Every structure is written in structure tokens, then in C-alpha cells.
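Trainee: Below is one structure. I have some questions about it.
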Amino acid sequence: MNSLWRPWQKKQDRNGNPGLLGEPANNRMEDQFRHILEGIPDYAVFLLDGKGHISRSSGSTEQFFGYTVEELRGKHFSFLYSAEDLANRTPNQELQMASAHGRLEDTTWRVRRDGSRLWTESTLCPVRGEDGEIQGFTYVIRDVTEQKNKEQTLRQKEEELAQARKLEALGRLVGGVAHDFNNFITGIIGLAEETHQSLGVGDPRREDLEEIMKLANRASALTGELLAFGQKQASSPQVEHLNALVEGNKKFLLRLIGADIDLQLTLDSQPGYLLMDPRQFDQILVNLIMNARDAMPKGGILRLETSRTKITETSSAGISPGRYVVLQVSDTGSGMEKEVLERLFEPFFSTKKQGKGTGLGLATVYGIVKQHGGSITVESQPGKGSSFRILWPEVAAPALQGTGILPSTPTVHTETILVVEDEDAVRWIAQRALEKNGYRVLTAASGPAALKIAREFHEPIHLLLTDVVMPELNGRVLAEQFKFHFPKAAVLYMSAYSEDIIHQRGILGPGFNFIKKPFTQGTLLLKVSVVLEKRQERPKP
């Protein structure tokens with residue numbers, strides 16, 4: 001038998017007197033044994049008697065568990081189990097299993113003296129005497145808490161990465177659909193404008209067409225949200241009236257929450273303006289409303305309130321002094337505990353079951369609010385509902401703007417414009433608008449067709465109006481080759497993607513002329529006029 005385990009045997013001292021069980025027969029061996037135990041800092045080593053009580057232990061046990069060697073001596077080895085584990089296991093059976101199989105390995109929680117827990121791996125082995133009888137057990141415990149935390153973090157990151165990849169793939173699909181849909185909306189708006197202009201001033205159908213254009217613009221706002229999700233579209237803030245933004249979503253919100261939730265709007269009687277991308281405001285509102293709806297599965301009350309406030313000194317939430325417009329969204333739902341509130345705006349954090357939410361909704365809300373210079377706070381208690389309060393810096397009211405409907409009297413122009421667009425409706429709308437205002441218009445449905453026109457047309461072409469994303473030849477490459485034939489021509493790009501996304505993808509460089517789809521005829525004509533004026537102002541070589 002290995003001399004390491006001789007302390008369990010009855011031995012005689014130098015005078016031939018029998019020693020006690022557990023007394024060392026050789027001081028040198030005892031010292032060697034102690035040094036071995038003390039030299040294993042990553043392990044706690046215990047020697048147990050036949051019934052599982054601790055007879056000896058290494059000095060590292062105090063580092064592991066906070067108990068001294070003397071305090072652990074005589075304690076049963078199950079003393080270090082957590083209460084949950086001890087309720088589900090039988091230590092004496094573990095001793096029997098270790099005896100029968102030669103070893104018993106386990107991974108479980110242990111409890112330190114201060115009540116904190118550590119994750120451990122342990123090995124329980126029987127020690128037999130020369131006669132084969134079990135004299136005791138060795139019990140080796142390794143602290144793997146840090147390793148387990150790293151593994152858990154890695155698994156969490158892998159799950160988040162997999163989720164992000166799913167969202168990225170979905171985003172590409174959604175972004176492509178939204179891009180194509182914006183082309184259709186451009187055609188709808190253009191046709192509605194054409195018909196609107198052909199009707200007399202008193203014709204009641206003009207109001208219907210104006211409603212069609214309004215709805216088309218709302219549809220464009222929704223596709224903007226899809227593009228924002230799929231392509232990380234940057235915001236396009238403009239001066240907006242807070243009440244108008246809320247009221248404009250009322251019908252949609254009623255359909256979203258269902259009949260068992262009472263939607264109550266309390267809007268400030270004084271006008272309050274903020275600098276806000278209306279599409280991203282819709283995104284904020286939808287996410288907050290869905291969060292409130294899910295908190296009231298049996299129905300309840302949902303309140304939307306707008307107001308204005310003045311902050312005189314920096315608040316605890318870090319809000320600087322100034323005037324603010326306020327949106328408050330409150331519900332009578334289940335509410336949230338403090339632990340949830342502390343992580344509420346973290347990406348991928350969700351209290352919903354797997355598959356029921358991405359954990360991105362409120363993180364998106366937080367990001368958009370901060371992007372627009374605002375702040376968001378939330379108050380909630382279990383069973384008492386939740387209240388989200390958003391503050392944005394107040395801005396001055398905007399100057400009165402026109403309707404965006406094309407004037408009935410066209411302005412006469414003499415420039416020649418080449419329109420390149422693979423979507424028939426958009427190409428036709430642009431051609432009609434430009435021709436009615438005196439421009440000479442050439443059209444092509446693709447890049448190669450446009451270059452054929454450039455080679456064969458022997459008069460000046462003053463402007464190339466081209467889509468950016470087209471099959472065969474994209475707008476940038478087309479413009480570069482077009483410039484060989486008409487170096488003095490201006491270029492105006494159009495796309496259903498936003499300007500910053502086009503730039504981020506490296507399709508176009510900085511400083512290019514750009515108009516985003518969908519656009520009205522009036523917006524197109526204004527942009528074309530500005531680009532042509534800039535061309536005329538360029539110094540001659």
C-alpha cells in the first residue's frame with residue numbers, strides 16, 4: 001500500500017508502543033504529506049474516515065470555503081453541500097457508490113462560510129487497507145466557478161450571435177422587400193398626383209386623391225422602419241409636433257392592442273415641437289405599446305400623455321436644464337421587479353419565453369431616444385403597472401410649408417435629362433413630371449441601354465438622373481462611363497435606400513447629389529432644379 005495513506009493504519013512508535021488511528025508513524029512522511037497538500041492551491045483535499053467525516057484537510061480549504069482545518073475536522077463531508085443539493089441527494093449512498101465503483105465524480109454547487117456559492121468538480125475515492133477493507137476516503141474538490149462562468153458567457157454569446165445572424169438574414173430579406181415596395185409607392189404617389197392635377201378645383205375626388213397620397217406616405221414611413229431594421233438606416237430628424245405624431249398613430253395602435261385594452265389619450269393643449277424622425281417615433285411608440293399590451297394579457301388601461309416641462313437644474317437622470325416636450329406611456333399591467341428594471345434596456349434581455357421576443361425592442365427605443373437627444377425613465381412595481389417617460393428638447397415651431405402638390409402651371413426649361421430606372425412606374429412618373437415642366441427627357445431601363453443612348457445622342461445631355469441599385473450596371477459605374485461622353489453633365493442619384501446606407505456600402509462617395517424614394521413630383525423637380533443650378537455655378541475649366 002502507498003505510504004501516503006498510512007495515517008489510517010495502526011502503527012507502533014519507535015519504542016514499540018501502538019499508535020492511534022490517524023497518528024503518523026513517521027514524521028518525515030507526515031511532513032511530506034502536508035507539503036504535498038499545501039502545494040495544490042487549485043484543489044481542496046480531504047481525508048475522510050469510513051463514515052465520511054473529515055479527519056484531515058489541506059490548508060487550501062480555508063481559501064475555498066472560509067473554514068479553518070480545525071473547524072472542518074469531524075464534520076461530515078456533506079457539510080459543504082448547498083441546501084438545494086442536500087435536499088436531492090443521499091451522502092451515505094454516495095459513499096457506497098464510491099466504494100462499489102472505485103470512484104465517484106460529481107459537479108455541483110458548494111457553500112462558503114459567508115453564504116456565497118461556488119461551482120465545483122469533486123472526486124470521491126475509497127482508501128483500502130492491506131486486508132482490502134475500506135479504511136476511509138479521499139475527497140478532492142476543484143473550484144471551477146470561473147471556468148463555468150466563462151462557459152456560460154460563451155454559450156450566451158454564441159446564442160446571441162446565432163440570434164443576431166438570424167436577425168441579419170431576416171433584415172436583408174425585409175430590407176429588400178421594403179426597397180422594392182418604395183418603388184411601388186413612388187408610382188402610386190406619382191399617379192395620384194397626375195390625376196389630382198387633371199381635376200378641377202371643386203372636384204370632390206381631389207380630396208380622395210389627397211388621402212391616397214397621405215396613406216402612401218404613411219406606407220413609406222412603415223417601409224422606412226423595415227429598412228431601419230434591415231439596413232440600420234440613420235435618422236432623418238425634422239421638426240414635428242408631438243401631438244400630431246401621437247394622434248397620427250391612434251388608429252394603428254387601436255388595432256395593435258385589441259378590444260380588451262382601453263386606450264386613453266391626454267394631449268397637451270399647448271403646441272410642443274421636437275426634432276424627430278417620424279418613422280423612428282413610430283418605432284418607439286409601437287415597441288412601448290407592444291410591451292404594455294404583453295403586460296396586460298387580460299386587458300387593462302393604456303394611457304398616452306403629452307406635456308411640456310422646464311428643467312431648472314441637472315436632474316439625477318442626467319437631464320440638462322431647459323425646456324422639454326414629454327411623452328408618457330403608462331399601463332395597468334403586471335409591472336416589473338427591480339432586477340428587471342435594472343436590465344430593461346439591455347440588448348437581448350427579455351423576460352419573455354424563448355421564441356416570444358428578441359430582447360431588442362426596448363433597447364431600440366433607448367437607442368433612438370438617445371440618438372435624438374432625449375432621455376427615458378421608467379417606474380414600475382409588481383402588480384402596479386409601468387410608466388415610461390420620455391423627454392425631448394423642445395424646439396421652435398416650423399415655418400408653414402406647402403402641400404407638396406405639383407403646381408398646375410409648369411415652369412419652362414430647356415435642359416436635356418437622361419432618366420435611367422429599371423422600375424417602369426418610377427421611370428414613367430419621373431419622365432412625365434420633367435416633361436410637363438419643359439425638360440427634354442430621354443429614358444432607359446438599364447445601364448447598358450443608357451450608355452447606348454449616350455454614345456448615339458449628338459446633342460448635350462445636362463443631367464443624368466439614375467437609380468443606384470440596378471442589375472447589370474449600378475448607378476455609380478454608369479455615371480463614371482457616362483462622363484466620358486458628357487463630362488460637363490450633372491448626376492443625380494435616386495434610391496429607395498437612404499443616402500447614408502448608400503455611402504456606407506461604398507457604392508457612392510461623399511458629396512453626391514441624391515433623392516430618396518418615394519418622392520413627389522414637386523420634390524423631384526425642386527431637386528433637379530437645384531442640381532442643375534449647381535452645375536451652372538461650377539467654374540469653367
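Each chain in the C-alpha cells gets a letter, A, B and so on, in the order shown; residues start at 1 in every chain, and ligands are counted from 1 in the order they appear.
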Per residue of range 242-276 of chain A within 10 Å of range 315-336 of chain A, note the shortest atom pair and the distance in Å to one decimal, counting only C-alpha atoms, and order the rows by chain and increasing residue number, as CSV.

Mentor:
residue,atom,partner,partner_atom,distance
A:Leu242,CA,A:Val325,CA,7.6
A:Asn243,CA,A:Leu327,CA,9.3
A:Val246,CA,A:Leu327,CA,9.0
A:Ile261,CA,A:Asp331,CA,9.6
A:Asp262,CA,A:Asp331,CA,9.8
A:Leu263,CA,A:Asp331,CA,9.5
A:Gln264,CA,A:Ser330,CA,9.8
A:Leu265,CA,A:Val329,CA,9.7
A:Thr266,CA,A:Gln328,CA,9.7
A:Leu267,CA,A:Leu327,CA,9.3
A:Asp268,CA,A:Val326,CA,9.5
A:Pro271,CA,A:Val325,CA,9.4
A:Gly272,CA,A:Val325,CA,5.9
A:Tyr273,CA,A:Val325,CA,7.1
A:Leu274,CA,A:Val325,CA,7.0

Trainee: Keeping only all heavy atoms, write the selected residues to a file as a CSV table (one decimal), in the first residue's frame.

Mentor:
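Written file, again20.csv:
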chain,number,residue,atom,x,y,z
A,242,LEU,N,-45.5,67.0,-31.4
A,242,LEU,CA,-45.6,65.8,-30.6
A,242,LEU,C,-47.1,65.2,-30.7
A,242,LEU,O,-47.3,64.0,-30.8
A,242,LEU,CB,-45.2,66.0,-29.2
A,242,LEU,CG,-45.2,64.7,-28.3
A,242,LEU,CD1,-44.4,63.6,-28.9
A,242,LEU,CD2,-44.7,65.1,-26.9
A,243,ASN,N,-48.1,66.1,-30.5
A,243,ASN,CA,-49.4,65.7,-30.5
A,243,ASN,C,-49.8,65.1,-31.8
A,243,ASN,O,-50.5,64.0,-31.9
A,243,ASN,CB,-50.4,66.9,-30.2
A,243,ASN,CG,-50.4,67.3,-28.8
A,243,ASN,OD1,-49.7,66.7,-28.0
A,243,ASN,ND2,-51.2,68.3,-28.4
A,246,VAL,N,-48.5,61.5,-32.1
A,246,VAL,CA,-49.3,60.5,-31.4
A,246,VAL,C,-50.6,60.3,-32.0
A,246,VAL,O,-51.0,59.1,-32.2
A,246,VAL,CB,-49.4,61.0,-29.9
A,246,VAL,CG1,-50.4,60.1,-29.2
A,246,VAL,CG2,-48.1,61.1,-29.2
A,261,ILE,N,-58.3,46.3,-24.3
A,261,ILE,CA,-57.4,47.3,-23.7
A,261,ILE,C,-58.0,48.7,-24.0
A,261,ILE,O,-58.2,49.0,-25.2
A,261,ILE,CB,-56.0,47.2,-24.1
A,261,ILE,CG1,-55.4,45.9,-23.6
A,261,ILE,CG2,-55.1,48.4,-23.6
A,261,ILE,CD1,-53.9,45.6,-24.0
A,262,ASP,N,-58.2,49.5,-23.0
A,262,ASP,CA,-58.8,50.9,-23.2
A,262,ASP,C,-57.7,51.8,-23.4
A,262,ASP,O,-56.8,52.1,-22.5
A,262,ASP,CB,-59.6,51.2,-21.9
A,262,ASP,CG,-60.2,52.6,-22.1
A,262,ASP,OD1,-60.3,53.1,-23.2
A,262,ASP,OD2,-60.6,53.2,-21.0
A,263,LEU,N,-57.6,52.4,-24.6
A,263,LEU,CA,-56.6,53.4,-25.0
A,263,LEU,C,-57.1,54.8,-24.6
A,263,LEU,O,-58.1,55.2,-25.2
A,263,LEU,CB,-56.2,53.3,-26.5
A,263,LEU,CG,-55.2,54.3,-27.0
A,263,LEU,CD1,-53.8,54.1,-26.3
A,263,LEU,CD2,-55.0,54.2,-28.5
A,264,GLN,N,-56.3,55.5,-23.8
A,264,GLN,CA,-56.7,56.8,-23.4
A,264,GLN,C,-55.6,57.8,-23.7
A,264,GLN,O,-54.5,57.6,-23.4
A,264,GLN,CB,-57.0,56.9,-21.8
A,264,GLN,CG,-58.1,55.9,-21.4
A,264,GLN,CD,-58.3,56.0,-19.9
A,264,GLN,OE1,-57.6,56.7,-19.1
A,264,GLN,NE2,-59.2,55.2,-19.4
A,265,LEU,N,-56.0,58.9,-24.5
A,265,LEU,CA,-55.1,59.9,-24.9
A,265,LEU,C,-55.3,61.2,-24.2
A,265,LEU,O,-56.5,61.7,-24.1
A,265,LEU,CB,-55.2,60.1,-26.4
A,265,LEU,CG,-54.3,59.3,-27.3
A,265,LEU,CD1,-54.5,57.8,-27.2
A,265,LEU,CD2,-54.4,59.8,-28.8
A,266,THR,N,-54.3,61.7,-23.5
A,266,THR,CA,-54.4,63.0,-22.9
A,266,THR,C,-53.3,63.9,-23.5
A,266,THR,O,-52.1,63.8,-23.1
A,266,THR,CB,-54.2,62.9,-21.3
A,266,THR,OG1,-55.2,61.9,-20.8
A,266,THR,CG2,-54.4,64.2,-20.7
A,267,LEU,N,-53.7,64.8,-24.4
A,267,LEU,CA,-52.7,65.6,-25.1
A,267,LEU,C,-52.7,67.0,-24.6
A,267,LEU,O,-53.7,67.6,-24.4
A,267,LEU,CB,-53.1,65.5,-26.6
A,267,LEU,CG,-53.2,64.1,-27.2
A,267,LEU,CD1,-53.5,64.2,-28.7
A,267,LEU,CD2,-51.9,63.3,-27.0
A,268,ASP,N,-51.5,67.5,-24.5
A,268,ASP,CA,-51.3,68.9,-24.1
A,268,ASP,C,-52.0,69.9,-25.0
A,268,ASP,O,-51.9,69.8,-26.2
A,268,ASP,CB,-49.8,69.2,-24.0
A,268,ASP,CG,-49.5,70.5,-23.3
A,268,ASP,OD1,-50.4,71.1,-22.8
A,268,ASP,OD2,-48.3,70.9,-23.2
A,271,PRO,N,-49.0,73.8,-28.0
A,271,PRO,CA,-48.2,73.1,-29.0
A,271,PRO,C,-46.8,72.8,-28.5
A,271,PRO,O,-46.1,73.6,-27.9
A,271,PRO,CB,-48.1,74.1,-30.2
A,271,PRO,CG,-48.3,75.4,-29.6
A,271,PRO,CD,-49.3,75.2,-28.4
A,272,GLY,N,-46.3,71.6,-28.8
A,272,GLY,CA,-44.9,71.2,-28.4
A,272,GLY,C,-44.2,70.6,-29.5
A,272,GLY,O,-44.7,69.6,-30.1
A,273,TYR,N,-43.1,71.1,-29.9
A,273,TYR,CA,-42.4,70.6,-31.1
A,273,TYR,C,-41.0,70.0,-30.7
A,273,TYR,O,-40.4,70.5,-29.7
A,273,TYR,CB,-42.1,71.8,-32.1
A,273,TYR,CG,-43.4,72.3,-32.8
A,273,TYR,CD1,-44.1,73.3,-32.2
A,273,TYR,CD2,-43.8,71.7,-33.9
A,273,TYR,CE1,-45.3,73.8,-32.8
A,273,TYR,CE2,-45.0,72.1,-34.6
A,273,TYR,CZ,-45.7,73.2,-34.0
A,273,TYR,OH,-46.9,73.6,-34.6
A,274,LEU,N,-40.6,69.1,-31.4
A,274,LEU,CA,-39.3,68.4,-31.2
A,274,LEU,C,-38.7,68.1,-32.5
A,274,LEU,O,-39.3,68.0,-33.6
A,274,LEU,CB,-39.5,67.1,-30.4
A,274,LEU,CG,-40.2,65.9,-31.0
A,274,LEU,CD1,-39.8,64.6,-30.4
A,274,LEU,CD2,-41.7,66.1,-31.0

Trainee: Could you check which of A:Gln197, A:Gln238, A:Gln93, A:Ser55 is closest to Leu72 in chain A, using only C-alpha atoms?

Mentor: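 The shortest atom-to-atom distance to Leu72 in chain A comes from A:Ser55.
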
Trainee: Select from range 183-315 of chain A everything DSSP, run on the backbone, classes as strand (DSSP E or B), then give the selection as a list in words.

Mentor: Gln238, Val239, Glu240, His241, Ile261, Asp262, Leu263, Gln264, Leu265, Thr266, Tyr273, Leu274, Leu275, Met276, Gly300, Ile301, Leu302, Arg303, Leu304, Glu305, Thr306, Ser307, Arg308, Thr309, Lys310 and Ile311 of chain A

Trainee: I need the residues from that last selection saved to file as a short mmCIF file (atom, residue, chain, number, x, y, z; two decimals), in the first residue's frame (with C-alpha atoms), if you can.

Mentor:
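Writing the result to selection.cif gives the following:
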data_model
loop_
_atom_site.label_atom_id
_atom_site.label_comp_id
_atom_site.auth_asym_id
_atom_site.auth_seq_id
_atom_site.Cartn_x
_atom_site.Cartn_y
_atom_site.Cartn_z
CA GLN A 238 -37.24 67.11 -38.74
CA VAL A 239 -39.37 69.48 -36.69
CA GLU A 240 -42.51 67.63 -35.63
CA HIS A 241 -45.49 68.36 -33.40
CA ILE A 261 -57.45 47.33 -23.66
CA ASP A 262 -58.80 50.85 -23.19
CA LEU A 263 -56.58 53.39 -24.98
CA GLN A 264 -56.72 56.82 -23.36
CA LEU A 265 -55.06 59.88 -24.91
CA THR A 266 -54.40 63.01 -22.88
CA TYR A 273 -42.37 70.64 -31.09
CA LEU A 274 -39.32 68.40 -31.19
CA LEU A 275 -36.63 67.43 -33.67
CA MET A 276 -37.59 63.87 -34.55
CA GLY A 300 -56.48 46.97 -18.83
CA ILE A 301 -55.90 50.66 -19.42
CA LEU A 302 -53.19 52.14 -21.62
CA ARG A 303 -52.59 55.88 -21.29
CA LEU A 304 -50.65 58.12 -23.66
CA GLU A 305 -49.99 61.61 -22.34
CA THR A 306 -48.14 64.56 -23.84
CA SER A 307 -46.97 67.62 -21.95
CA ARG A 308 -44.22 70.22 -21.71
CA THR A 309 -41.86 70.82 -18.82
CA LYS A 310 -38.99 73.05 -17.80
CA ILE A 311 -35.90 71.62 -16.08
#

Trainee: Name the residues in contact with Gly475 in chain A at a cut-off of 6 Å, using only C-alpha atoms, excluding same-chain residues fewer than 4 positions from it; report them as a PyMOL selection string.

Mentor: chain A and resi 466-468

Trainee: Quick one: residues within 12 Å of Leu95 in chain A, only C-alpha atoms, excluding same-chain residues fewer than 5 positions away - as a PyMOL selection string?

Mentor: chain A and resi 48-53+76-78+89-90+100-105+123-127+134+136-139

Trainee: What is the CA of Glu421 in chain A-CA of Met213 in chain A distance in Å, reported with one decimal?

Mentor: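 A separation of 22.0 Å between them.
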
Trainee: I'd like the contact shell of Asp260 in chain A - 10 Å cut-off, only C-alpha atoms, skipping same-chain residues fewer than 5 positions apart - returned as a PyMOL selection string.

Mentor: chain A and resi 293+296-301

Trainee: Restricting it to C-alpha atoms, dump the selection as a CSV table (one decimal), in the first residue's frame.

Mentor:
chain,number,residue,atom,x,y,z
A,293,ARG,CA,-50.0,45.0,-24.3
A,296,MET,CA,-52.0,43.2,-19.8
A,297,PRO,CA,-53.0,39.7,-21.2
A,298,LYS,CA,-56.4,40.1,-19.6
A,299,GLY,CA,-56.9,43.7,-20.6
A,300,GLY,CA,-56.5,47.0,-18.8
A,301,ILE,CA,-55.9,50.7,-19.4

Trainee: Hey, which of A:Val420, A:Leu341, A:Ala244, A:Leu451 ends up closest to Met470 in chain A? Count only C-alpha atoms.

Mentor: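 Among the listed residues, A:Val420 lies closest to Met470 in chain A.
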
Trainee: Can you measure CA of Ala479 in chain A to CA of Val491 in chain A for me? One decimal in Å is fine.

Mentor: 7.1 Å
